[in-house]
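Text of entry_27.txt, listed as compact mmCIF, C-alpha atoms:
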```txt
# COMPACT_ATOMS: atom_id res chain seq x y z
CA MET C 40 -195.74 109.44 -38.15
CA SER C 41 -194.90 108.03 -34.78
CA ASN C 42 -194.49 110.53 -32.01
CA THR C 43 -191.62 108.58 -30.57
CA LEU C 44 -189.49 110.02 -33.33
CA ASN C 45 -190.08 113.51 -32.04
CA PRO C 46 -186.90 114.58 -30.28
CA ARG C 47 -188.60 117.58 -28.74
CA GLU C 48 -190.92 115.28 -26.79
CA THR C 49 -188.60 112.43 -25.93
CA ALA C 50 -185.66 114.57 -24.84
CA ASP C 51 -185.22 115.77 -21.31
CA PRO C 52 -187.16 119.07 -21.17
CA ARG C 53 -184.40 120.70 -19.13
CA GLN C 54 -181.94 119.89 -21.89
CA LYS C 55 -183.07 121.97 -24.82
CA ARG C 56 -180.31 121.03 -27.22
CA PRO C 57 -179.47 117.49 -28.30
CA ALA C 58 -176.22 116.17 -26.81
CA ALA C 59 -174.63 115.72 -30.22
CA ALA C 60 -174.99 119.43 -30.92
CA ALA C 61 -172.16 120.21 -28.52
CA GLY C 62 -168.53 119.34 -28.99
CA PRO C 63 -165.63 120.11 -31.27
CA ALA C 64 -166.31 120.77 -34.94
CA ARG C 65 -166.11 117.73 -37.20
CA THR C 66 -164.59 117.60 -40.67
CA GLU C 67 -166.75 116.72 -43.65
CA GLU C 68 -165.33 113.17 -43.70
CA GLU C 69 -166.11 112.69 -40.03
CA LEU C 70 -169.60 114.01 -40.66
CA THR C 71 -170.31 111.58 -43.48
CA ARG C 72 -169.15 108.74 -41.21
CA ALA C 73 -171.34 110.05 -38.37
CA ILE C 74 -174.35 110.35 -40.67
CA ALA C 75 -173.84 106.82 -41.95
CA ALA C 76 -173.44 105.44 -38.43
CA GLU C 77 -176.36 107.28 -36.84
CA THR C 78 -178.92 107.40 -39.65
CA GLY C 79 -177.90 104.50 -41.90
CA ALA C 80 -177.70 106.77 -44.94
CA ALA C 81 -174.46 105.65 -46.52
CA ASP C 82 -174.26 107.72 -49.70
CA PHE C 83 -173.69 111.15 -48.16
CA THR C 84 -170.49 112.58 -49.57
CA TYR C 85 -168.21 115.56 -49.36
CA LYS C 86 -169.40 118.08 -51.92
CA SER C 87 -167.31 121.16 -51.29
CA PRO C 88 -165.92 122.81 -48.14
CA ARG C 89 -168.59 122.72 -45.44
CA ARG C 90 -171.11 121.15 -47.80
CA VAL C 91 -172.28 117.52 -47.59
CA GLU C 92 -174.85 116.09 -49.92
CA GLY C 93 -176.72 112.85 -50.47
CA SER C 94 -180.04 111.31 -51.38
CA ILE C 95 -182.66 109.66 -49.23
CA PRO C 96 -185.66 107.54 -50.25
CA GLU C 97 -188.98 109.28 -49.79
CA GLN C 98 -190.24 107.04 -47.00
CA ASP C 99 -187.01 107.32 -44.95
CA LEU C 100 -186.77 111.09 -44.88
CA HIS C 101 -188.75 111.71 -41.71
CA SER C 102 -186.73 109.28 -39.62
CA PHE C 103 -183.55 110.60 -41.22
CA ALA C 104 -184.45 114.16 -40.26
CA ALA C 105 -185.26 113.09 -36.70
CA ALA C 106 -181.93 111.29 -36.41
CA MET C 107 -180.09 114.26 -37.90
CA TYR C 108 -181.55 116.43 -35.16
CA SER C 109 -181.18 114.22 -32.14
CA ARG C 110 -178.18 111.99 -32.88
CA VAL C 111 -175.98 113.87 -35.36
CA GLY C 112 -176.64 117.31 -33.85
CA PHE C 113 -178.03 119.28 -36.78
CA GLU C 114 -180.36 121.59 -34.90
CA HIS C 115 -181.33 123.95 -37.63
CA LEU C 116 -183.53 123.30 -40.65
CA SER C 117 -182.21 125.90 -43.06
CA ALA C 118 -184.67 125.46 -45.91
CA ILE C 119 -186.71 123.07 -47.98
CA SER C 120 -186.51 123.60 -51.70
CA CYS C 121 -188.25 121.93 -54.60
CA VAL C 122 -187.16 121.19 -58.16
CA ASP C 123 -189.52 120.11 -60.92
CA TRP C 124 -187.92 117.38 -63.06
CA ILE C 125 -190.76 117.25 -65.54
CA ASN C 126 -189.05 114.86 -67.97
CA ASP C 127 -188.48 112.34 -65.18
CA GLY C 128 -192.02 112.80 -63.86
CA GLU C 129 -190.63 113.65 -60.43
CA PHE C 130 -190.29 116.44 -57.93
CA GLU C 131 -187.03 116.72 -56.06
CA LEU C 132 -187.32 118.02 -52.51
CA VAL C 133 -184.07 119.18 -50.96
CA TYR C 134 -183.89 119.46 -47.18
CA HIS C 135 -181.04 121.62 -45.93
CA PHE C 136 -179.83 120.98 -42.39
CA TRP C 137 -177.35 123.24 -40.64
CA SER C 138 -175.11 122.44 -37.73
CA TYR C 139 -173.91 125.20 -35.44
CA ARG C 140 -171.30 122.84 -34.06
CA ASP C 141 -169.66 122.09 -37.40
CA ASN C 142 -170.76 125.12 -39.44
CA CYS C 143 -171.72 122.67 -42.14
CA LEU C 144 -174.74 122.31 -44.41
CA VAL C 145 -176.13 118.86 -45.17
CA SER C 146 -178.49 118.65 -48.17
CA ALA C 147 -180.76 115.62 -48.37
CA HIS C 148 -182.28 115.08 -51.80
CA THR C 149 -185.58 113.22 -52.07
CA ARG C 150 -187.38 112.33 -55.26
CA ILE C 151 -191.16 111.98 -55.17
CA ASP C 152 -193.70 111.12 -57.82
CA ARG C 153 -194.90 114.15 -59.74
CA ALA C 154 -198.41 112.98 -60.54
CA ALA C 155 -199.40 112.13 -56.97
CA ALA C 156 -197.07 114.51 -55.20
CA THR C 157 -197.36 113.69 -51.52
CA MET C 158 -194.72 113.93 -48.83
CA ALA C 159 -194.71 113.39 -45.09
CA THR C 160 -194.49 116.60 -43.13
CA ILE C 161 -191.60 117.35 -40.77
CA THR C 162 -193.45 120.07 -38.87
CA ASP C 163 -193.50 117.78 -35.83
CA LEU C 164 -189.69 118.05 -35.79
CA TRP C 165 -189.30 121.68 -36.84
CA GLN C 166 -192.41 123.81 -36.53
CA PRO C 167 -190.99 126.52 -38.84
CA ALA C 168 -190.89 123.94 -41.63
CA SER C 169 -194.57 124.76 -42.01
CA PHE C 170 -193.68 127.90 -43.91
CA PHE C 171 -191.51 126.03 -46.41
CA GLU C 172 -194.14 123.36 -46.86
CA ARG C 173 -196.88 125.94 -47.39
CA ASP C 174 -194.71 127.68 -49.93
CA ILE C 175 -193.92 124.48 -51.84
CA HIS C 176 -197.57 123.43 -51.68
CA GLU C 177 -198.60 126.75 -53.17
CA MET C 178 -195.92 126.97 -55.84
CA PHE C 179 -195.63 123.29 -56.86
CA GLY C 180 -198.80 121.64 -55.57
CA VAL C 181 -196.99 119.14 -53.35
CA VAL C 182 -199.24 117.94 -50.52
CA PHE C 183 -197.51 117.51 -47.17
CA ALA C 184 -199.42 114.85 -45.29
CA GLY C 185 -199.81 115.78 -41.64
CA ASN C 186 -199.36 119.52 -42.12
CA THR C 187 -202.61 121.05 -40.93
CA ASP C 188 -201.92 124.53 -42.33
CA LEU C 189 -201.53 124.39 -46.09
CA GLU C 190 -203.48 127.57 -46.74
CA LYS C 191 -202.55 130.18 -49.34
CA TYR C 192 -199.28 131.82 -48.37
CA ILE C 193 -198.24 134.56 -50.79
CA LEU C 194 -200.67 134.23 -53.69
CA THR C 195 -203.80 135.04 -51.71
CA ASP C 196 -205.99 135.84 -54.71
CA TRP C 197 -204.62 133.05 -56.85
CA ASP C 198 -206.97 130.58 -58.49
CA GLY C 199 -204.73 129.18 -61.24
CA PRO C 200 -202.49 126.10 -61.25
CA PRO C 201 -199.31 126.05 -59.13
CA PRO C 202 -197.19 128.59 -60.99
CA MET C 203 -193.69 127.18 -60.44
CA ARG C 204 -194.43 123.90 -62.18
CA LYS C 205 -192.55 123.56 -65.45
CA ASP C 206 -195.74 122.87 -67.42
CA PHE C 207 -197.20 126.21 -66.31
CA VAL C 208 -196.51 128.64 -69.15
CA THR C 209 -196.37 132.05 -67.52
CA ARG C 210 -196.43 133.92 -70.83
CA LYS C 211 -199.66 132.22 -71.89
CA PHE C 212 -201.21 132.85 -68.48
CA ALA C 213 -200.19 136.52 -68.58
CA HIS C 214 -201.68 136.90 -72.05
CA GLU C 215 -204.99 135.40 -71.02
CA HIS C 216 -205.28 136.83 -67.54
CA PHE C 217 -203.92 140.37 -67.81
CA HIS C 218 -204.56 143.17 -70.24
CA TYR C 219 -201.38 142.47 -72.08
CA LYS C 220 -200.17 144.91 -74.71
CA ASP C 221 -198.13 143.13 -77.32
CA TYR C 222 -195.22 145.09 -78.68
CA GLU C 223 -194.21 144.30 -82.23
CA PRO C 224 -192.82 147.46 -83.79
CA ASP C 225 -192.01 147.80 -87.49
CA TRP C 226 -188.28 148.07 -86.90
CA ASP C 227 -188.28 144.75 -85.11
CA GLU C 228 -188.44 142.84 -88.41
CA LEU C 229 -185.61 144.90 -89.89
CA VAL C 230 -183.25 144.93 -86.95
CA GLN C 231 -183.47 141.45 -85.53
CA GLY C 232 -185.58 139.46 -87.94
CA GLY C 233 -188.80 139.58 -85.99
CA TYR C 234 -187.42 138.29 -82.74
CA HIS C 235 -190.59 138.94 -80.81
CA SER C 236 -192.97 137.54 -83.40
CA ASN C 237 -190.95 134.35 -84.00
CA ARG C 238 -190.64 133.26 -80.41
CA GLY C 239 -193.88 131.29 -80.40
CA GLU C 240 -196.02 130.35 -77.43
CA GLY C 241 -194.11 129.01 -74.49
CA GLY C 242 -190.80 127.52 -75.48
CA THR C 243 -189.14 128.19 -72.20
CA ASN C 244 -191.09 128.59 -69.02
CA GLY C 245 -192.12 132.11 -69.84
CA MET P 1169 -213.97 168.68 -72.38
CA GLU P 1170 -214.12 171.34 -75.07
CA LYS P 1171 -216.68 173.26 -73.08
CA ARG P 1172 -214.47 173.26 -70.00
CA LEU P 1173 -211.51 174.58 -71.93
CA THR P 1174 -213.29 177.47 -73.54
CA GLN P 1175 -215.65 178.48 -70.77
CA ARG P 1176 -213.35 178.45 -67.80
CA SER P 1177 -214.37 181.06 -65.35
CA ALA P 1178 -211.97 183.49 -63.76
CA TRP P 1179 -212.34 181.60 -60.50
CA ASP P 1180 -211.30 178.36 -62.23
CA LYS P 1181 -208.15 180.04 -63.45
CA VAL P 1182 -207.30 181.31 -59.99
CA LEU P 1183 -207.98 177.86 -58.56
CA THR P 1184 -205.78 175.99 -61.04
CA ASN P 1185 -203.07 178.56 -60.59
CA LEU P 1186 -203.06 177.79 -56.89
CA GLN P 1187 -203.41 174.05 -57.39
CA LYS P 1188 -200.51 173.69 -59.76
CA ARG P 1189 -198.05 175.17 -57.27
CA SER P 1190 -198.99 173.03 -54.28
CA LEU P 1191 -199.05 169.43 -55.37
CA TRP P 1192 -198.72 166.93 -52.57
CA MET P 1193 -197.56 163.56 -53.64
CA LEU P 1194 -198.27 160.17 -52.15
CA HIS P 1195 -195.62 157.85 -53.53
CA TYR P 1196 -196.54 154.20 -53.49
CA CYS P 1197 -193.09 152.67 -53.67
CA THR P 1198 -193.65 149.12 -54.81
CA GLY P 1199 -190.68 148.65 -57.07
CA CYS P 1200 -187.04 149.54 -57.54
CA GLY P 1201 -187.91 152.96 -59.03
CA ALA P 1202 -188.32 154.39 -55.55
CA VAL P 1203 -184.55 154.88 -55.32
CA GLU P 1204 -184.83 157.75 -57.80
CA LEU P 1205 -187.15 159.66 -55.49
CA PRO P 1206 -184.75 160.64 -52.66
CA PRO P 1207 -182.46 162.59 -55.02
CA THR P 1208 -185.54 164.08 -56.64
CA MET P 1209 -186.89 165.31 -53.33
CA THR P 1210 -183.69 166.36 -51.64
CA ALA P 1211 -181.10 169.04 -52.22
CA ARG P 1212 -179.73 168.05 -55.62
CA PHE P 1213 -182.92 168.22 -57.70
CA ASP P 1214 -185.20 169.73 -55.03
CA MET P 1215 -188.70 168.92 -56.19
CA GLU P 1216 -190.20 171.32 -53.67
CA ARG P 1217 -189.16 174.34 -55.72
CA PHE P 1218 -192.08 173.33 -57.94
CA GLY P 1219 -194.38 173.03 -54.96
CA ILE P 1220 -194.34 169.23 -55.01
CA MET P 1221 -193.69 167.57 -51.71
CA PRO P 1222 -194.30 164.16 -50.21
CA MET P 1223 -197.46 163.58 -48.22
CA VAL P 1224 -198.13 160.74 -45.86
CA THR P 1225 -201.88 160.29 -46.18
CA PRO P 1226 -204.01 159.66 -49.25
CA ARG P 1227 -206.73 162.07 -48.16
CA GLN P 1228 -204.41 165.06 -48.30
CA ALA P 1229 -202.50 164.02 -51.42
CA ASP P 1230 -203.03 165.22 -54.98
CA ILE P 1231 -200.65 162.91 -56.83
CA LEU P 1232 -200.54 159.16 -56.48
CA LEU P 1233 -197.15 158.10 -57.80
CA ILE P 1234 -196.89 154.38 -58.55
CA THR P 1235 -193.19 153.63 -58.72
CA GLY P 1236 -192.89 150.27 -60.36
CA TYR P 1237 -194.67 146.96 -60.79
CA LEU P 1238 -197.90 146.17 -59.02
CA SER P 1239 -198.70 142.62 -58.15
CA VAL P 1240 -202.34 141.65 -57.92
CA LYS P 1241 -202.16 141.97 -54.15
CA THR P 1242 -200.62 145.44 -54.15
CA LEU P 1243 -202.96 146.64 -56.89
CA LYS P 1244 -205.85 145.90 -54.55
CA ARG P 1245 -204.27 148.17 -51.91
CA VAL P 1246 -203.62 150.87 -54.49
CA VAL P 1247 -207.30 150.87 -55.48
CA LEU P 1248 -208.27 151.27 -51.83
CA ILE P 1249 -205.83 154.18 -51.49
CA TYR P 1250 -206.87 155.84 -54.72
CA GLU P 1251 -210.55 155.87 -53.87
CA GLN P 1252 -209.82 157.60 -50.56
CA MET P 1253 -208.10 160.51 -52.26
CA GLN P 1254 -209.95 163.77 -52.74
CA ALA P 1255 -210.51 165.00 -56.25
CA PRO P 1256 -208.83 166.41 -58.23
CA LYS P 1257 -206.28 163.61 -58.07
CA TYR P 1258 -203.61 162.57 -60.49
CA VAL P 1259 -202.25 159.05 -60.92
CA VAL P 1260 -198.73 159.05 -62.31
CA GLY P 1261 -197.38 155.75 -63.57
CA PHE P 1262 -193.63 155.64 -63.03
CA GLY P 1263 -191.40 153.37 -65.08
CA SER P 1264 -192.09 150.85 -67.78
CA CYS P 1265 -193.61 148.34 -65.33
CA THR P 1266 -196.78 150.40 -65.05
CA ILE P 1267 -197.02 150.86 -68.83
CA ASN P 1268 -196.83 147.31 -70.13
CA GLY P 1269 -195.35 145.21 -67.35
CA GLY P 1270 -191.74 146.12 -68.14
CA MET P 1271 -189.36 143.34 -67.24
CA TYR P 1272 -192.30 141.51 -65.66
CA TRP P 1273 -194.10 141.37 -69.01
CA ASN P 1274 -194.70 137.63 -68.72
CA SER P 1275 -195.08 137.35 -64.97
CA TYR P 1276 -198.07 135.52 -63.60
CA ALA P 1277 -198.37 137.79 -60.57
CA THR P 1278 -198.10 141.40 -61.79
CA MET P 1279 -200.59 143.54 -63.64
CA LYS P 1280 -199.41 144.76 -67.05
CA SER P 1281 -201.12 148.05 -67.74
CA LEU P 1282 -202.12 150.42 -64.96
CA ASP P 1283 -204.60 152.41 -67.09
CA GLN P 1284 -206.92 149.41 -67.18
CA TYR P 1285 -207.49 149.68 -63.43
CA LEU P 1286 -207.05 153.37 -62.58
CA PRO P 1287 -207.27 156.52 -64.71
CA VAL P 1288 -203.61 157.41 -65.33
CA GLU P 1289 -202.94 161.08 -65.82
CA MET P 1290 -199.39 160.63 -67.00
CA TYR P 1291 -196.76 157.96 -67.55
CA LEU P 1292 -193.08 158.49 -66.90
CA ALA P 1293 -191.38 156.09 -69.28
CA GLY P 1294 -188.03 154.50 -68.57
CA CYS P 1295 -186.53 151.69 -66.62
CA MET P 1296 -186.14 153.62 -64.50
CA PRO P 1297 -186.69 157.36 -65.15
CA ARG P 1298 -183.93 159.58 -63.84
CA PRO P 1299 -184.77 162.53 -61.56
CA GLU P 1300 -184.52 164.84 -64.57
CA ALA P 1301 -187.27 162.84 -66.26
CA ILE P 1302 -189.41 162.96 -63.13
CA ILE P 1303 -188.99 166.74 -62.85
CA SER P 1304 -189.72 167.11 -66.56
CA GLY P 1305 -192.85 164.99 -66.23
CA PHE P 1306 -194.11 166.89 -63.23
CA THR P 1307 -193.57 170.26 -64.86
CA GLY P 1308 -195.61 168.90 -67.75
CA LEU P 1309 -198.31 167.93 -65.29
CA ILE P 1310 -198.20 171.43 -63.79
CA GLU P 1311 -198.72 172.93 -67.25
CA ARG P 1312 -201.62 170.60 -67.93
CA ILE P 1313 -203.25 171.59 -64.66
CA ASP P 1314 -202.69 175.25 -65.49
CA ARG P 1315 -204.44 174.83 -68.83
CA GLY P 1316 -207.29 172.93 -67.16
CA GLU P 1317 -206.57 169.75 -69.12
CA ALA P 1318 -205.61 167.40 -66.31
CA ASN P 1319 -209.05 165.90 -65.93
CA THR P 1320 -208.33 162.19 -66.30
CA TRP P 1321 -209.52 161.58 -62.74
CA GLU P 1322 -213.06 162.32 -63.90
CA ASP P 1323 -212.85 159.22 -66.05
CA TYR P 1324 -212.92 157.04 -62.94
CA TYR P 1325 -216.39 158.35 -62.13
CA LYS P 1326 -217.66 158.36 -65.69
CA ASN P 1327 -216.24 154.96 -66.59
CA TYR P 1328 -216.41 153.39 -63.15
CA GLU P 1329 -217.99 150.18 -64.47
CA PHE P 1330 -215.07 149.65 -66.86
CA TYR P 1331 -212.44 150.05 -64.15
CA ARG P 1332 -214.36 147.99 -61.62
CA LYS P 1333 -214.87 145.19 -64.13
CA ASN P 1334 -211.12 145.02 -64.80
CA GLN P 1335 -210.31 145.16 -61.08
CA GLU P 1336 -212.74 142.39 -60.26
CA HIS P 1337 -211.31 140.32 -63.08
CA LEU P 1338 -208.05 140.17 -61.13
CA PHE P 1339 -209.06 139.91 -57.49
CA GLY P 1340 -212.79 139.46 -57.25
CA SER P 1341 -215.10 141.91 -55.58
CA ILE P 1342 -213.69 144.18 -52.88
CA GLU P 1343 -215.24 146.46 -50.30
CA THR P 1344 -213.74 149.92 -50.70
CA ASN P 1345 -216.03 151.92 -48.36
CA VAL P 1346 -216.15 154.68 -50.97
CA ASP P 1347 -219.40 155.33 -52.78
CA VAL P 1348 -218.04 156.08 -56.23
CA VAL P 1349 -221.48 156.02 -57.86
CA GLY P 1350 -222.74 158.49 -55.26
CA ASP P 1351 -219.72 160.70 -55.85
CA ARG P 1352 -220.47 160.59 -59.55
CA GLN P 1353 -223.86 162.17 -58.86
CA TYR P 1354 -222.27 164.70 -56.50
CA TYR P 1355 -219.80 165.82 -59.16
CA LYS P 1356 -222.67 165.79 -61.69
CA PHE P 1357 -220.83 163.43 -64.02
CA THR P 1358 -222.87 161.33 -66.37
CA GLU P 1359 -222.03 157.72 -66.92
CA VAL P 1360 -220.45 156.95 -70.27
CA GLN P 1361 -222.54 154.45 -72.20
CA GLN P 1362 -220.36 151.56 -73.23
```
Spit out the file's structure as structure tokens when you get a sec.
Amino acid sequence: MSNTLNPRETADPRQKRPAAAAGPARTEEELTRAIAAETGAADFTYKSPRRVEGSIPEQDLHSFAAAMYSRVGFEHLSAISCVDWINDGEFELVYHFWSYRDNCLVSAHTRIDRAAATMATITDLWQPASFFERDIHEMFGVVFAGNTDLEKYILTDWDGPPPMRKDFVTRKFAHEHFHYKDYEPDWDELVQGGYHSNRGEGGTNG
Amino acid sequence: MEKRLTQRSAWDKVLTNLQKRSLWMLHYCTGCGAVELPPTMTARFDMERFGIMPMVTPRQADILLITGYLSVKTLKRVVLIYEQMQAPKYVVGFGSCTINGGMYWNSYATMKSLDQYLPVEMYLAGCMPRPEAIISGFTGLIERIDRGEANTWEDYYKNYEFYRKNQEHLFGSIETNVDVVGDRQYYKFTEVQQ
């Protein structure tokens, strides 16, 4: 990542907020036009009131996020979330940006390869993004290149695979790892046709 | 066990009679079941009429009440707390989460059965038990203490290797600063041969 993209370093230090963060609130249509003009991302559309959504190629996300901060005025990174599309072989990372000027949430969807899950970090733009990236690294195994702190976050004693991946079968793990007491009473067969015993291993994620 | 029941001295009977009416409870509120404790303690159900009252430190507590699920991380803290408590001490598993995992039966992060890691004196079944059930369970515990039967805590000293093996299976070795093997010799318990 080039440091010139960092708005915190290039901006006037006396001016904490980007200039675009001030001004009258924009409608969703005005926002999509502003996003297209300032970042070049043309497919952002009105989703629902105060919600704008679109997709960004993996390699463009960092420059898009920098432009969203400095030129469109979205100061706040609300969250980064991750979805495992196992049948497509992809992870979907969703970056949620919030604007205090417009009271509007912009969600940028990025698809990355599932097998070699690597993504550029945005901690140089928003330092608190480190927490989201640590969390996603721990739960999905996505590596954020450039993030120097990808230590264990919540699962400190964890030594298994990333548990939120769809191919991680929590029921199987719980059976093997914990002292699991199976519960298959006699009335189960009579009342509901052996619901517990017919479920099989896995099936759903759990 | 049989010997203890039949050959209880008069002093033992006096002691248990005093113990059963002054139980101090350390409640480790990990799960949602903790919301049933305020009505149990306060005016409506008034647990203190049985001599049970909340205590803030493990060293002065008699009952360790585990209200709900324990993740692997919190179980480690519970083991540290339990070993600090003075004997006799009674672990009470509260709610179905401590019995078989409850609604977290297939979770990757929570332990399923508390009696594999600590000697559980009594389980309060339910998701979650109402204050009546808690009071009923505790009066049962009081009766067990009165009869001299509430001795499950001795199992931690006798079967320490079993409990420690299960604990280390989940979170590796831990430093607890309590010499359980030394305490076993102090209480003159003999190790159970596996």
Return the neighbours of chain P among the residues of chain C, cut-off 9 Å, counting all atoms listed in the file, as a list of chain:residue names.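 Residues of chain C within 9 Å of chain P, counting all atoms listed in the file: C:Leu194, C:Thr195, C:Asp196, C:Trp197, C:Pro202, C:Val208, C:Thr209, C:Arg210, C:Lys211, C:Phe212, C:Ala213, C:His214, C:His216, C:Phe217, C:His218, C:Tyr219, C:Lys220, C:Asp221, C:Tyr222, C:Gly245.
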Next, write the just-selected residues to a file, as a PDB file, keeping the file's coordinate frame, keeping C-alpha atoms as the atom set.
```pdb
ATOM      1  CA  LEU C 194    -200.670 134.230 -53.690  1.00  0.00           C
ATOM      2  CA  THR C 195    -203.800 135.040 -51.710  1.00  0.00           C
ATOM      3  CA  ASP C 196    -205.990 135.840 -54.710  1.00  0.00           C
ATOM      4  CA  TRP C 197    -204.620 133.050 -56.850  1.00  0.00           C
ATOM      5  CA  PRO C 202    -197.190 128.590 -60.990  1.00  0.00           C
ATOM      6  CA  VAL C 208    -196.510 128.640 -69.150  1.00  0.00           C
ATOM      7  CA  THR C 209    -196.370 132.050 -67.520  1.00  0.00           C
ATOM      8  CA  ARG C 210    -196.430 133.920 -70.830  1.00  0.00           C
ATOM      9  CA  LYS C 211    -199.660 132.220 -71.890  1.00  0.00           C
ATOM     10  CA  PHE C 212    -201.210 132.850 -68.480  1.00  0.00           C
ATOM     11  CA  ALA C 213    -200.190 136.520 -68.580  1.00  0.00           C
ATOM     12  CA  HIS C 214    -201.680 136.900 -72.050  1.00  0.00           C
ATOM     13  CA  HIS C 216    -205.280 136.830 -67.540  1.00  0.00           C
ATOM     14  CA  PHE C 217    -203.920 140.370 -67.810  1.00  0.00           C
ATOM     15  CA  HIS C 218    -204.560 143.170 -70.240  1.00  0.00           C
ATOM     16  CA  TYR C 219    -201.380 142.470 -72.080  1.00  0.00           C
ATOM     17  CA  LYS C 220    -200.170 144.910 -74.710  1.00  0.00           C
ATOM     18  CA  ASP C 221    -198.130 143.130 -77.320  1.00  0.00           C
ATOM     19  CA  TYR C 222    -195.220 145.090 -78.680  1.00  0.00           C
ATOM     20  CA  GLY C 245    -192.120 132.110 -69.840  1.00  0.00           C
TER      21      GLY C 245
END
```
Contacts of Met1296 (chain P) at 6 Å (all atoms listed in the file; same-chain gap of 2+ positions) as number ranges by chain: P: 1201, 1263, 1294
Test item: residues at most 9 Å from region 1187-1194 of chain P, only C-alpha atoms, excluding those fewer than 6 positions along its chain, as a PyMOL selection string: chain P and resi 1216+1218-1226+1228-1234+1309-1314
Output C-alpha atoms for every residue in the selection just made, as a tab-separated table (two decimals), in the frame of the given file.
```tsv
chain	number	residue	atom	x	y	z
P	1216	GLU	CA	-190.20	171.32	-53.67
P	1218	PHE	CA	-192.08	173.33	-57.94
P	1219	GLY	CA	-194.38	173.03	-54.96
P	1220	ILE	CA	-194.34	169.23	-55.01
P	1221	MET	CA	-193.69	167.57	-51.71
P	1222	PRO	CA	-194.30	164.16	-50.21
P	1223	MET	CA	-197.46	163.58	-48.22
P	1224	VAL	CA	-198.13	160.74	-45.86
P	1225	THR	CA	-201.88	160.29	-46.18
P	1226	PRO	CA	-204.01	159.66	-49.25
P	1228	GLN	CA	-204.41	165.06	-48.30
P	1229	ALA	CA	-202.50	164.02	-51.42
P	1230	ASP	CA	-203.03	165.22	-54.98
P	1231	ILE	CA	-200.65	162.91	-56.83
P	1232	LEU	CA	-200.54	159.16	-56.48
P	1233	LEU	CA	-197.15	158.10	-57.80
P	1234	ILE	CA	-196.89	154.38	-58.55
P	1309	LEU	CA	-198.31	167.93	-65.29
P	1310	ILE	CA	-198.20	171.43	-63.79
P	1311	GLU	CA	-198.72	172.93	-67.25
P	1312	ARG	CA	-201.62	170.60	-67.93
P	1313	ILE	CA	-203.25	171.59	-64.66
P	1314	ASP	CA	-202.69	175.25	-65.49
```
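Near (-177.4, 106.0, -43.2), the residues inside the 12 Å limit, counting all atoms listed in the file, come to Leu70, Thr71, Arg72, Ala73, Ile74, Ala75, Ala76, Glu77, Thr78, Gly79, Ala80, Ala81, Asp82, Phe83, Thr84, Gly93, Ser94, Ile95, Pro96, Asp99, Leu100, Ser102, Phe103, Ala104, Ala106, Met107, Arg110, Val111 and Ala147 of chain C.
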Leu1292 (chain P): which residues within 8 Å, counting all atoms listed in the file, same-chain residues fewer than 2 positions away excluded, as a PyMOL selection string? chain P and resi 1260-1264+1290+1294+1297+1301-1302+1305
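Between CA of Arg1217 (chain P) and CA of Pro1299 (chain P) the separation is 13.9 Å.
CA of Glu1359 (chain P) to CA of Phe1330 (chain P) spans 10.7 Å [interatomic distance, one decimal].
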Rank C:Ala58, C:Ala159, C:Ile175, C:Ile151 by their smallest atom-to-atom distance to Tyr108 (chain C), using all atoms listed in the file, and report the top residue only.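 Answer, going by the shortest atom-to-atom distance: C:Ala58.
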Which residue, P:Cys1265, P:Val1259, P:Met1271, P:Ile1249, has the smallest gap to Asp1323 (chain P) when you use all atoms listed in the file? P:Val1259
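Every protein, DNA or RNA residue with an atom at most 9 Å from region 181-192 of chain C, where all atoms listed in the file count and chain neighbours fewer than 4 positions away do not, is listed here: Met40, Phe130, Arg153, Ala155, Ala156, Thr157, Met158, Ala159, Thr160, Ile161, Thr162, Asp163, Ser169, Phe170, Glu172, Arg173, Asp174, Ile175, His176, Glu177, Asp196 and Trp197 of chain C.
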Kindly give the distance, in Å, that separates CA of Asn1327 (chain P) and CA of Val1288 (chain P), rounded to a single decimal.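 Calculated distance between CA of Asn1327 (chain P) and CA of Val1288 (chain P) is 12.9 Å.
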Which of P:Glu1322, P:Asp1214, P:Glu1329, P:Glu1289 sits closest to Lys1356 (chain P) [using only C-alpha atoms]: P:Glu1322
Within 7 Å of (-167.1, 117.2, -46.9) (coordinates as in the file), grab all the protein and nucleic acid residues, counting only C-alpha atoms, and write them out as a JSON list (two decimals) with C-alpha atoms, in the coordinates of the input.
```
[["chain", "number", "residue", "atom", "x", "y", "z"],
["C", 66, "THR", "CA", -164.59, 117.60, -40.67],
["C", 67, "GLU", "CA", -166.75, 116.72, -43.65],
["C", 68, "GLU", "CA", -165.33, 113.17, -43.70],
["C", 84, "THR", "CA", -170.49, 112.58, -49.57],
["C", 85, "TYR", "CA", -168.21, 115.56, -49.36],
["C", 86, "LYS", "CA", -169.40, 118.08, -51.92],
["C", 87, "SER", "CA", -167.31, 121.16, -51.29],
["C", 88, "PRO", "CA", -165.92, 122.81, -48.14],
["C", 89, "ARG", "CA", -168.59, 122.72, -45.44],
["C", 90, "ARG", "CA", -171.11, 121.15, -47.80],
["C", 91, "VAL", "CA", -172.28, 117.52, -47.59]]
```
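Compared by their closest atoms to Lys1244 (chain P), and using only C-alpha atoms, the residues P:Gln1335, P:Asn1345, P:Thr1358, P:Gln1353 rank with P:Gln1335 nearest.
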